[in-house]
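Novice: Submitted below is the structure of interest, expressed as structure tokens.
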Amino acid sequence: MSSTVLERFLRYVQIDTQSDPNSTLQPSTEKQKNLSRMLVTELFEMGVVDAHLDEYGYVYATLHANTDKLNVPVICFCSHVDTSPDCSGAGVKPIVHKAWDGTDIVLPDDPAQVIRRSEHPDLDAQIGNDIVTASGTTLLGADNKAGVSEIMDAVRYLLEHPEIKHGTIKILFTPDEEIGRGTNKVDLAKLGADFGYTIDGESLGSFEDETFSADAVKITIRGISAHPGFAKGKLENALKIAADVIAALPKDALSPETTEEKQGFIHPTNIEGIQEKVTLGFIIRDFTVAGLHEKEGYLKGILVQVLQQYPHSTADFEVIEQYRNMKEVLDNHPHVSEYVWEAIRRSGLTPLKRSIRGGTDGSRLSFMGLPCPNIFTGGHAFHSKLEWVSVQDMQKAVEVIVNLCQIWEEKH
Ligand SMILES: [Zn+2]
């Protein structure tokens with residue numbers, strides 16, 4: 001299978017598309033559109049003439065059906081153009097380590113940055129493959145430009161191979177996924193897809209149809225303030241109440257640092273205030289809504305107990321829904337995941353079903369009406385200077401996308 005995935009990837013990662021959680025704009029940074037505009041131009045050149053970028057930073061495009069069948073569902077492939085604010089994405093210098101021999105990869109612009117097999121067990125399967133890394137001072141941006149490149153190459157391949165029959169395929173490139181706003185301004189009616197796939201996962205052959213369910217909790221504590229010189233018997237310091245609440249959380253359980261796999265957690269994220277009033281922010285995570293509610297009840301119990309020692313202080317406990325496990329939606333459409341399974345197998349790989357300890361654009365899209373599991377890209381160590389991607393795995397991801405288009409046509 002001929003491939004343009006590497007040349008695309010090398011081109012796209014050199015464009016700085018970092019998103020900014022502190023911006024109130026949409027997209028959060030204007031520079032994300034530099035890549036989006038390039039994608040529109042390239043789609044145009046391939047003959048996808050409805051490709052366009054909207055004011056909010058979304059790219060929409062259609063690959064028209066080439067089958068005579070009229071009832072093939074419309075499938076969408078989706079990736080995000082932004083990179084994480086956690087690590088610089090400016091001036092990325094991608095390096096291709098051809099036919100990698102298994103030795104440590106020292107990144108030249110900062111030799112302290114070393115990618116070792118012992119710390120990246122997924123590298124064991126990569127000996128002899130071509131590995132792309134950054135140069136040591138920035139992230140690489142495989143999250144999610146590997147996915148973008150794979151979708152673009154799959155479109156190119158399908159256009160060059162009209163003998164592969166498929167229904168209508170929609171392409172969606174989103175901004176601001178890394179700051180949790182990737183679907184805020186998406187127009188699903190305009191997109192017009194029945195089912196979707198985000199191409200935003202990791203290891204070769206893996207796909208994910210399950211994410212955390214997520215709430216935030218905001219606790220507002222109102223203490224009793226007094227002049228510290230005359231406070232005896234009067235002052236109830238909201239800062240100390242907040243500290244007591246956090247101190248009452250278990251040290252060996254229920255936190256991100258003590259849980260894995262299917263375990264959820266209660267995680268304080270911010271504390272702000274003065275002796276009179278403090279707000280405490282938490283995120284709550286679990287794979288089930290019942291588990292979320294249980295953890296919220298537990299946290300509320302701690303608050304009530306702590307307040308017993310501060311009889312004149314009060315507190316509000318507010319739960320804010322963030323997103324829900326996409327599995328709740330996908331269970332109603334089992335074929336969406338079954339076809340991925342088959343597409344991965346047809347590419348000669350063993351499918352690995354995983355759960356995401358986080359959310360994706362797909363979690364929100366699923367609940368907005370577009371059931372949307374997540375497929376691997378071949379990228380690893382996201383959001384870090386040690387990020388890497390395998391060229392051969394990217395090519396396999398393209399193959400899986402092409403197979404999926406074909407499978408949807410065959411089955412309907
Ligand atoms: Zn991503």
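Following the order of the structure tokens, chains are lettered A, B, ..., residues in each are numbered from 1, and ligands are numbered from 1.
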Around ligand 1, which protein and nucleic acid residues have at least one atom no more than 7 Å from it, if we count only C-alpha atoms and all ligand atoms? List them as a list in words.

Specialist: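 The distance check yields His80, Asp143, Asn144, Glu177, Glu178 and Asp200 of chain A.
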
Novice: Near segment 104-107 of chain A, within 6 Å and counting only C-alpha atoms, which residues show up once chain neighbours fewer than 3 positions away are dropped, as a PDB file with N, CA and C atoms, in the first residue's frame?

Specialist:
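Printed below is out.pdb as written:
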ATOM      1  N   ASP A 110      18.490  18.360  23.462  1.00  0.00           N
ATOM      2  CA  ASP A 110      18.610  18.259  24.924  1.00  0.00           C
ATOM      3  C   ASP A 110      18.940  16.807  25.260  1.00  0.00           C
ATOM      4  N   PRO A 111      20.238  16.509  25.291  1.00  0.00           N
ATOM      5  CA  PRO A 111      20.659  15.107  25.479  1.00  0.00           C
ATOM      6  C   PRO A 111      20.182  14.484  26.791  1.00  0.00           C
ATOM      7  N   GLN A 113      17.161  14.297  27.438  1.00  0.00           N
ATOM      8  CA  GLN A 113      15.907  13.658  27.023  1.00  0.00           C
ATOM      9  C   GLN A 113      16.245  12.377  26.256  1.00  0.00           C
ATOM     10  N   VAL A 114      15.968  11.246  26.889  1.00  0.00           N
ATOM     11  CA  VAL A 114      16.328   9.955  26.300  1.00  0.00           C
ATOM     12  C   VAL A 114      15.111   9.036  26.308  1.00  0.00           C
ATOM     13  N   ILE A 115      14.820   8.455  25.158  1.00  0.00           N
ATOM     14  CA  ILE A 115      13.712   7.499  25.069  1.00  0.00           C
ATOM     15  C   ILE A 115      14.319   6.102  25.160  1.00  0.00           C
ATOM     16  N   ARG A 116      13.988   5.406  26.272  1.00  0.00           N
ATOM     17  CA  ARG A 116      14.584   4.094  26.543  1.00  0.00           C
ATOM     18  C   ARG A 116      13.525   3.003  26.471  1.00  0.00           C
ATOM     19  N   SER A 135      12.968  16.815  18.837  1.00  0.00           N
ATOM     20  CA  SER A 135      14.421  16.969  18.973  1.00  0.00           C
ATOM     21  C   SER A 135      14.871  17.184  20.407  1.00  0.00           C
ATOM     22  N   GLY A 136      13.925  17.231  21.379  1.00  0.00           N
ATOM     23  CA  GLY A 136      14.323  17.330  22.780  1.00  0.00           C
ATOM     24  C   GLY A 136      13.797  18.548  23.518  1.00  0.00           C
TER      25      GLY A 136
END

Novice: Check the smallest atom-to-atom distance from each of A:Leu39, A:Ala242, A:Ile284, A:Val74 to Gly264 of chain A using only C-alpha atoms, then report the winner.

Specialist: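 Ranked by minimum distance to Gly264 of chain A, first place goes to A:Ile284.
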
Novice: Give the strand (DSSP E or B) residues of segment 86-320 of chain A, as assigned by DSSP on the backbone, as a PyMOL selection string.

Specialist: chain A and resi 95-97+105-106+114-115+131-133+169-174+195-201+206-211+213-222+224+236+265-274+277-286+314-320

Novice: What's around Asp54 of chain A at 12 Å? Count only C-alpha atoms, leave out sequence neighbours fewer than 2 positions away in its own chain, and write the answer as a VMD selection string.

Specialist: chain A and resid 26 to 27 33 36 to 37 40 50 to 52 56 to 61 172 to 175 185 to 187 190

Novice: Quick one: pick out all helix (DSSP H, G or I) residues within segment 2-202 of chain A from a backbone DSSP run and write them as an MDAnalysis selection string.

Specialist: chainID A and resid 5:13 32:46 121:126 142:160 177:179 188:191

Novice: Counting only C-alpha atoms, what is within 12 Å of Arg285 of chain A, bar same-chain residues fewer than 2 positions away, as number ranges by chain?

Specialist: A: 211-217, 254-256, 259-268, 282-283, 287-296, 321-325, 356-359

Novice: Please provide as a list in words all residues within 8 Å of Asp20 of chain A, with the sequence filter that same-chain residues fewer than 3 positions apart are discarded (counting only C-alpha atoms).

Specialist: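 Those residues are Ser23, Ser28, Thr29, Pro85, Asp176 and Ile179 of chain A.
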
Novice: I need the residue nearest Leu365 of chain A from this list: A:Asp252, A:Glu119, A:Asp194, A:Asp16. Use only C-alpha atoms for the distance.

Specialist: A:Asp194
